[in-house]
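In what follows, a single structure is set out as structure tokens and then discussed.
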Amino acid sequence: MSIADEIKASGLFDRDWYLATYRDVALSGIPPIAHFVRIGMKIGRNPGPKFDTRHYLSQVSSGDLEGMAPVMHFIRVGRAQGFAPIAVKQKTVGSPQVAKEPVANIARPAGAAKEVPSWVNPSVTFSQILRALEISKHPDAVAITCWDGGHNPIGRAKVLYDICKTGRKPVLFTYHFQEFSDVIWEPIADEDITVVQIPWAERAKFLKMIADCGIEFPTVWICKSRYPSFELAAHITGAETRVILDDDDNEEHFSRSKASTEKFYGRFSTSLTRYVASNLASRSAASVTLARKTGADIVRHCRRAVPEELASRTRTPGPQRIGFIGTVRPHKGVIEAARAIRDYREQRHRDVEFHVYGDFNPPTLKDELRALGVTVRDNIPSSELFETLQGFDVILTGYDAGGTDPEVTRYQISSKIGDGLAAGKPVLTPYYESVADLEDIEGLFLFTQDSFFGALDRALGHMSGVSLPEQFTYEYGFAVFEALEARADTGRSLDMLMQLRLDSDPLTAGTEPKNLVLVWKQQDAGLYGRRVDQLARSFRLRHPDTRVIILEIASQGTFDDYQKSSSSFVRDHALQLQDVPQKELRKKSPAGGVELHLIRSRSRAMVEKDLSTYMIDEGFYPGNTLLVLFPLHQLWEKCKAVFSAYQTIVDVVDNQLSWASNDAKREAYVSQYLDAISGGTELVFNSPVNMEFFRESGLLSGWLATGGTPRVIPNWYHQPPLPAAQMGAGTASRFGDRDGKTHLLYSGNMSDRFDWELIDSLARTDDYVIHLVGSAARQADRLQEVLENDQVVYWGILPETRLARLIGQVDIGIVPHTLTEVSKYMNPLKVEMYVSYGLPVVCTEIPGLAGHDGVHVCGSHEDFKSALERLAAHAGDPRQPHIPAAAVECERQYLELIEQCLRSLRRAADAG
């Protein structure tokens, strides 16, 4: 069965959905299923609404895909192992199970390694911020801020998020304090939430990223009056932002705990939060008492009623079950409730069980409860919550043990009231002032210690008629939210809130983006004057106020391999290694102010994290940075998620498909080219032959279908801005002045495409001395053969500046290439270098050669030798260094293309 047949048989491919979602498909002329297999699957597209590639990759690491595309891994492996093809919001099938083993977090399958928490994985926060940037541009976007995402405060924020999702595009922003948890709060860990998780200890750089990206939301809903919630809100609030403040607890009272005294969320920050809150006119609260205290509108802990088929399911016969699900703390009275239920069972002779599930703190509460005959279980994932609730007869939200803190109970209302009513179950709730207004709700039973037995009797006998009251629905909560939004503060009234911004230097309107980052595919930037060096050098000279960076990315394994061969005279690894320390320091190069940067990751698995950290640390964001990508890159799969957020120029230098040694490598190369091209803003080729190959092979069909126009911009060469005495033009004499011979120079790769027969033939005459420069690692035997002749001198590998000196001392540059599947797509840059120093050039005939004055292209060995004889007669003539007009035009076209892309970045930022 073909891959296309497997996908169709799986039921995951939806032809109409695919055509409607990806408009370029229809224009490409490729059948939708074929397009998905050949292109879409390789660039991370979804086959239909039943499979979400991004969600699947949150469960399965790329290393576990075994080389398969995510959708194929799910069909062949993941489905059987229980991985989810899409985010599961609520489980509505299967028999109710009580006290079963905890269900594995959907984002971390059983047996898988624990996820790296966001506060030590900048790549997670980086991608989350970029997603928030896109959403913030929508007029209906809403941001909810929460002071910590690792424990229960985010539960209320999730309620506000769900309310907004009824009719808006919400994003939940939260800090992560390491003292609470290294991951998002477990009960909502499997929820499909658009969230930005910022590690508190590293917040300065992420908040600067938010500021530099210009992220401002039309509406911000601050969850809980804690300093970190306000600080987060300040960084996503603009002059026209509407701000609402929500409370569901007496936060000032909780801030006074001994453990949090000196924390940013502790007692010393309460005077400031109180003052900031007093300047906000639009407020919401979960309970009637909080609403009275703060002048707020009531927004309950809203829920959505469970589907009728689940609510009407008949429970398994047996003892009647009372359930508590939530944060298990001493003040919730669960120990006292367990004792009361034990007494009830004995005195009423009723067969009842008590089940307590949740987060136990302190953990010894578990042992105390078990000793009282209680069934305990850890946190219930939200996807399991309502199915679990169906296994109970009554939901208990807490118990008044006496001596509870009135500053808590006066204002607090349990979120589990909404859970129980949404599940169609009777709910038992301790009577406090905060819930007094709810006593008329059908199925809600308020009790005191003295009335507990009677309330439990009535609840256990109340088997029908329980439904979710209107005030607890998302629709009702959304109506209240819109009313709050309409009267929310904007402008100068938010000045106090804005004072909480950390120091930052955000982009200002009208400022041009100032960063050009050229991502080079090798580790030799700055060494040889390659195309990437020329582009960086030229743009920096034309725009000295722009940061121009050549970025290399490699894993430590690459340098370990280089080290093994660093003593080789025929390889360039020693040269590459000597520049590593300077590149890692990220200092400006003396060559035109171009910065040479290196990201050296400890392993391939760390690359995405290290690249994200680098972009954040350097302040390179989609709104201020243009990328130029040079495929093929050995770490493309690890980098492409980061690159995809940026506008990019894709520069296809040469044609590396011809370098593939087997079919598997060729497929990998095709996949990377498709990835890079499909994500590119502009597409550039170094030669017409190269572009035509890509066009005829179909690799451009998707890109052309979107209306893109690829460009051919051949090479040019600018001498590095170093003193003339160091360069070829400043050399006082030539080798030929001393020995009377004509000195020829070849510089470049001799491991392939090199005409050894021609060199051997030239070396047999006494007229020439042939100077060879470059790597010959794969042709060491042939090199050794020609070096048997005294007329051949091998210099090893030389950097650009040393090569320039050598150019000044020879007479003729030669390019003895054979026509191969490699050379026919090339546009040799060394020809441009020789011409710039006035060195005459003789070349064999290959398609990509530039036809400049002084460049002699020869169709045979005899023509090559004849051209050398003619030029040798004038070897002592003065040089005429120049840059040909055609090369100047190539440079102009490329620089104007970059300028155009940078301008479009600014327009996009202003429009956002």
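Going by the structure tokens order, chains are called A, B, ..., each with residues numbered from 1, while ligands are numbered from 1 in the order shown.
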* Polymer residues at most 10 Å from Leu895 of chain A, only C-alpha atoms, same-chain spacing of 6 or more positions, as number ranges by chain -> A: 535-536, 538-540, 542-543, 889, 901
* Report the residues of segment 722-880 of chain A whose backbone DSSP state falls under alpha helix (DSSP H), written as a ChimeraX atom specification. => /A:736-739,756-763,780-787,800-807,829-836,861-872
Could you dump the residues just selected with N, CA and C atoms as a compact mmCIF listing (two decimals), in the first residue's frame?
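Produced file result.txt, reproduced below:
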# COMPACT_ATOMS: atom_id res chain seq x y z
N GLY A 736 57.17 35.41 -11.11
CA GLY A 736 57.77 35.30 -12.44
C GLY A 736 58.93 36.24 -12.66
N ASP A 737 58.98 37.33 -11.89
CA ASP A 737 60.10 38.27 -12.02
C ASP A 737 61.41 37.60 -11.63
N ARG A 738 61.32 36.57 -10.80
CA ARG A 738 62.53 35.92 -10.31
C ARG A 738 62.95 34.72 -11.14
N ASP A 739 61.97 33.94 -11.63
CA ASP A 739 62.36 32.71 -12.34
C ASP A 739 62.02 32.72 -13.82
N TRP A 756 42.02 16.91 -13.26
CA TRP A 756 43.39 16.50 -12.93
C TRP A 756 44.22 16.24 -14.18
N GLU A 757 43.59 15.74 -15.23
CA GLU A 757 44.34 15.45 -16.46
C GLU A 757 44.91 16.73 -17.06
N LEU A 758 44.12 17.79 -17.03
CA LEU A 758 44.60 19.06 -17.57
C LEU A 758 45.76 19.59 -16.74
N ILE A 759 45.65 19.51 -15.44
CA ILE A 759 46.74 19.98 -14.57
C ILE A 759 48.00 19.16 -14.81
N ASP A 760 47.84 17.85 -14.93
CA ASP A 760 48.99 16.98 -15.17
C ASP A 760 49.66 17.32 -16.49
N SER A 761 48.84 17.62 -17.49
CA SER A 761 49.39 17.98 -18.80
C SER A 761 50.16 19.29 -18.74
N LEU A 762 49.61 20.29 -18.05
CA LEU A 762 50.29 21.58 -17.93
C LEU A 762 51.59 21.46 -17.15
N ALA A 763 51.57 20.57 -16.15
CA ALA A 763 52.76 20.44 -15.30
C ALA A 763 53.93 19.80 -16.02
N ALA A 780 43.34 12.74 -2.45
CA ALA A 780 44.72 12.83 -1.96
C ALA A 780 45.68 12.09 -2.88
N ASP A 781 45.25 10.96 -3.43
CA ASP A 781 46.14 10.20 -4.31
C ASP A 781 46.45 10.96 -5.58
N ARG A 782 45.42 11.59 -6.18
CA ARG A 782 45.66 12.36 -7.40
C ARG A 782 46.54 13.57 -7.11
N LEU A 783 46.31 14.20 -5.98
CA LEU A 783 47.15 15.32 -5.61
C LEU A 783 48.60 14.88 -5.47
N GLN A 784 48.80 13.76 -4.82
CA GLN A 784 50.17 13.25 -4.64
C GLN A 784 50.84 13.00 -5.99
N GLU A 785 50.06 12.51 -6.95
CA GLU A 785 50.62 12.23 -8.27
C GLU A 785 51.14 13.50 -8.94
N VAL A 786 50.32 14.55 -8.95
CA VAL A 786 50.76 15.79 -9.63
C VAL A 786 51.88 16.47 -8.87
N LEU A 787 51.93 16.27 -7.56
CA LEU A 787 52.99 16.90 -6.77
C LEU A 787 54.35 16.23 -6.99
N GLU A 800 40.99 34.00 2.88
CA GLU A 800 40.84 34.99 1.82
C GLU A 800 41.98 35.99 1.78
N THR A 801 42.40 36.49 2.91
CA THR A 801 43.44 37.53 2.91
C THR A 801 44.78 37.01 2.43
N ARG A 802 45.13 35.78 2.81
CA ARG A 802 46.39 35.20 2.33
C ARG A 802 46.31 34.86 0.85
N LEU A 803 45.15 34.40 0.42
CA LEU A 803 44.97 34.12 -0.99
C LEU A 803 45.11 35.39 -1.81
N ALA A 804 44.60 36.50 -1.29
CA ALA A 804 44.71 37.78 -2.00
C ALA A 804 46.17 38.16 -2.21
N ARG A 805 47.02 37.92 -1.22
CA ARG A 805 48.45 38.20 -1.38
C ARG A 805 49.06 37.32 -2.46
N LEU A 806 48.64 36.06 -2.48
CA LEU A 806 49.17 35.14 -3.49
C LEU A 806 48.72 35.55 -4.89
N ILE A 807 47.49 36.03 -5.02
CA ILE A 807 46.99 36.50 -6.32
C ILE A 807 47.91 37.60 -6.86
N LEU A 829 32.75 31.78 -7.68
CA LEU A 829 33.03 33.09 -7.12
C LEU A 829 34.49 33.48 -7.30
N LYS A 830 35.38 32.49 -7.37
CA LYS A 830 36.81 32.79 -7.50
C LYS A 830 37.11 33.56 -8.78
N VAL A 831 36.30 33.33 -9.83
CA VAL A 831 36.48 34.09 -11.06
C VAL A 831 36.30 35.58 -10.77
N GLU A 832 35.24 35.91 -10.00
CA GLU A 832 34.99 37.32 -9.66
C GLU A 832 36.13 37.87 -8.81
N MET A 833 36.68 37.05 -7.93
CA MET A 833 37.79 37.50 -7.08
C MET A 833 39.03 37.81 -7.93
N TYR A 834 39.37 36.89 -8.84
CA TYR A 834 40.55 37.11 -9.68
C TYR A 834 40.41 38.40 -10.48
N VAL A 835 39.22 38.59 -11.08
CA VAL A 835 39.00 39.76 -11.93
C VAL A 835 39.10 41.04 -11.11
N SER A 836 38.61 41.00 -9.86
CA SER A 836 38.65 42.22 -9.04
C SER A 836 40.08 42.68 -8.77
N HIS A 861 41.01 21.10 -24.01
CA HIS A 861 42.33 21.26 -23.38
C HIS A 861 43.26 22.07 -24.29
N GLU A 862 43.16 21.84 -25.60
CA GLU A 862 44.03 22.57 -26.51
C GLU A 862 43.72 24.05 -26.50
N ASP A 863 42.42 24.41 -26.49
CA ASP A 863 42.05 25.82 -26.42
C ASP A 863 42.55 26.44 -25.12
N PHE A 864 42.47 25.66 -24.03
CA PHE A 864 42.92 26.13 -22.71
C PHE A 864 44.41 26.47 -22.76
N LYS A 865 45.19 25.57 -23.35
CA LYS A 865 46.64 25.78 -23.42
C LYS A 865 46.97 26.96 -24.33
N SER A 866 46.23 27.10 -25.42
CA SER A 866 46.47 28.22 -26.34
C SER A 866 46.19 29.56 -25.65
N ALA A 867 45.10 29.61 -24.87
CA ALA A 867 44.78 30.84 -24.16
C ALA A 867 45.87 31.18 -23.15
N LEU A 868 46.41 30.17 -22.50
CA LEU A 868 47.48 30.41 -21.54
C LEU A 868 48.71 30.97 -22.24
N GLU A 869 49.03 30.43 -23.42
CA GLU A 869 50.21 30.91 -24.17
C GLU A 869 50.04 32.38 -24.55
N ARG A 870 48.84 32.74 -25.00
CA ARG A 870 48.62 34.15 -25.38
C ARG A 870 48.75 35.07 -24.17
N LEU A 871 48.18 34.67 -23.05
CA LEU A 871 48.23 35.53 -21.86
C LEU A 871 49.62 35.56 -21.26
N ALA A 872 50.37 34.47 -21.39
CA ALA A 872 51.73 34.42 -20.83
C ALA A 872 52.63 35.45 -21.48
* Report as a PyMOL selection string: the residues of segment 429-677 of chain A with a DSSP assignment of strand (DSSP E or B), based on the backbone of this structure. => chain A and resi 429-430+444-447+473+489+515-520+547-555+588+595-601+625-629+648-652
* To do: For Ser658 of chain A, list every protein, DNA or RNA residue within 9 Å, evaluated using only C-alpha atoms, and leave out those in the same chain fewer than 3 positions away; present the list as a list of chain:residue names.
  => A:Asn655, A:Ser661, A:Arg666, A:Glu821, A:Val822
* Close residues, segment 411-425 of chain A itself excluded, 7 Å, only C-alpha atoms, min 5 positions apart in chain, as number ranges by chain -> A: 248-250, 286-287, 289-290, 301-306, 311, 386, 389-390, 393-395, 397, 434-435, 466-468, 472
Would you output that residue set with C-alpha atoms, as a PDB file, in the first residue's frame?
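Result file is result-v1.pdb:
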ATOM      1  CA  ASP A 248     -11.844  35.135  43.269  1.00  0.00           C
ATOM      2  CA  ASP A 249     -10.063  35.142  46.655  1.00  0.00           C
ATOM      3  CA  ASN A 250      -8.924  37.547  49.305  1.00  0.00           C
ATOM      4  CA  ALA A 286     -16.347  35.219  41.675  1.00  0.00           C
ATOM      5  CA  SER A 287     -18.460  35.690  44.825  1.00  0.00           C
ATOM      6  CA  THR A 289     -18.969  39.165  49.003  1.00  0.00           C
ATOM      7  CA  LEU A 290     -15.946  39.986  46.843  1.00  0.00           C
ATOM      8  CA  HIS A 301     -16.495  29.837  38.015  1.00  0.00           C
ATOM      9  CA  CYS A 302     -18.265  29.087  34.760  1.00  0.00           C
ATOM     10  CA  ARG A 303     -18.522  25.680  33.156  1.00  0.00           C
ATOM     11  CA  ARG A 304     -20.128  23.949  30.204  1.00  0.00           C
ATOM     12  CA  ALA A 305     -22.750  21.312  30.966  1.00  0.00           C
ATOM     13  CA  VAL A 306     -21.695  17.773  30.142  1.00  0.00           C
ATOM     14  CA  ALA A 311     -25.041  13.007  32.334  1.00  0.00           C
ATOM     15  CA  PHE A 386     -16.499  14.900  34.088  1.00  0.00           C
ATOM     16  CA  LEU A 389     -17.633  12.955  38.410  1.00  0.00           C
ATOM     17  CA  GLN A 390     -20.212  10.622  36.870  1.00  0.00           C
ATOM     18  CA  ASP A 393     -23.557  10.381  43.674  1.00  0.00           C
ATOM     19  CA  VAL A 394     -22.774  13.624  45.493  1.00  0.00           C
ATOM     20  CA  ILE A 395     -20.004  16.206  45.055  1.00  0.00           C
ATOM     21  CA  THR A 397     -16.719  21.050  47.867  1.00  0.00           C
ATOM     22  CA  SER A 434     -19.758  34.030  50.114  1.00  0.00           C
ATOM     23  CA  VAL A 435     -22.311  31.414  48.919  1.00  0.00           C
ATOM     24  CA  VAL A 466     -29.799  19.055  38.675  1.00  0.00           C
ATOM     25  CA  SER A 467     -28.607  21.315  35.877  1.00  0.00           C
ATOM     26  CA  LEU A 468     -26.115  24.105  35.351  1.00  0.00           C
ATOM     27  CA  PHE A 472     -22.560  29.506  35.765  1.00  0.00           C
TER      28      PHE A 472
END
* **Exercise: Gly854 of chain A partners within 8 Å, only C-alpha atoms, chain neighbours under 6 positions left out, as a count of residues only** => 4
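Nearest residue to Met41 of chain A, choosing from A:His176, A:His73, A:Lys514, A:Arg879 and counting only C-alpha atoms: A:His73.
Shell of segment 453-462 of chain A at 10 Å, with only C-alpha atoms counted and residues fewer than 5 places along the chain excluded, is Gln320, Arg321, Ile322, Ala340, Ile341, Asp343, Tyr344, Arg345, Gln347, Arg348, Arg350, Val352, Asp393, Val394, Ile395, Leu396, Lys425, Pro426, Val427, Leu428, Thr429, Glu442, Gly443, Leu444, Phe445, Leu446, Phe447 and Thr448 of chain A.
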